[in-house]
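A short worksheet on the structure shown next.
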Amino acid sequence: LKDLKSKDFYMDNNWHYYTIVNDGTIGDTATNLRSAIASETYDSAQLYTTFAETARQEGLAELGEWFEILARTEQAHMERLQQALDAIS
């Protein structure tokens, strides 16, 4: 798991992944929300949907559905983060 760490990606002891913004520093709240929205958007629109498609192509329909559920969850996260950003903007 140490190999998963890089200058752009970090894993804490709770196995959560965080994208580091602003060259490793945390920005203001609006910047952090925009970064989180971008990450959730990528996860829902590209990452998990691609994983789902690949799983289905490999005959793993149930796993494909699981990835689709993850994509919908990430979409919901993005929407909540956008609401937060709208509220402070």
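By convention here, the chains of the structure tokens are called A, B, ... in the order presented, each chain's residues are numbered starting at 1, and ligands are numbered starting at 1 in the order presented.
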- Fewer than 6 positions away in the same chain doesn't count, so skip those; otherwise give me all residues within 12 Å of A:Thr54, counting only C-alpha atoms, as a ChimeraX atom specification. /A:46-48,60-65,67-68
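The smallest atom-to-atom distance between A:Thr50 and any of A:Ala71, A:Ala76, A:Asp86, A:Asn32, using only C-alpha atoms, is found for A:Ala71.
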- Non-local contacts of A:Thr73 (10 Å; only C-alpha atoms; under 6 positions in same chain excluded) as a PyMOL selection string: chain A and resi 40+43-44+67+79
Restrict the selected residues to N, CA and C atoms and save them as a PDB file, in the first residue's frame.
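Result went into selection-v2.pdb, see below:
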ATOM      1  N   GLU A  40     -15.151  14.109  -7.169  1.00  0.00           N
ATOM      2  CA  GLU A  40     -16.374  13.299  -7.164  1.00  0.00           C
ATOM      3  C   GLU A  40     -16.967  13.197  -8.567  1.00  0.00           C
ATOM      4  N   ASP A  43     -14.885  10.677 -10.450  1.00  0.00           N
ATOM      5  CA  ASP A  43     -15.181   9.324  -9.970  1.00  0.00           C
ATOM      6  C   ASP A  43     -16.509   8.815 -10.505  1.00  0.00           C
ATOM      7  N   SER A  44     -17.538   9.667 -10.482  1.00  0.00           N
ATOM      8  CA  SER A  44     -18.866   9.211 -10.905  1.00  0.00           C
ATOM      9  C   SER A  44     -19.007   9.126 -12.418  1.00  0.00           C
ATOM     10  N   PHE A  67     -20.147  -1.331  -9.215  1.00  0.00           N
ATOM     11  CA  PHE A  67     -19.452  -0.113  -9.634  1.00  0.00           C
ATOM     12  C   PHE A  67     -20.441   0.983 -10.031  1.00  0.00           C
ATOM     13  N   GLU A  79     -23.228  16.360  -5.647  1.00  0.00           N
ATOM     14  CA  GLU A  79     -24.376  17.253  -5.540  1.00  0.00           C
ATOM     15  C   GLU A  79     -24.429  17.931  -4.172  1.00  0.00           C
TER      16      GLU A  79
END
- Query: atom CA of A:Gln82 to atom CA of A:Thr29: how many Å, to one decimal?
  - Reply: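 Here the two named atoms are 12.2 Å from each other.
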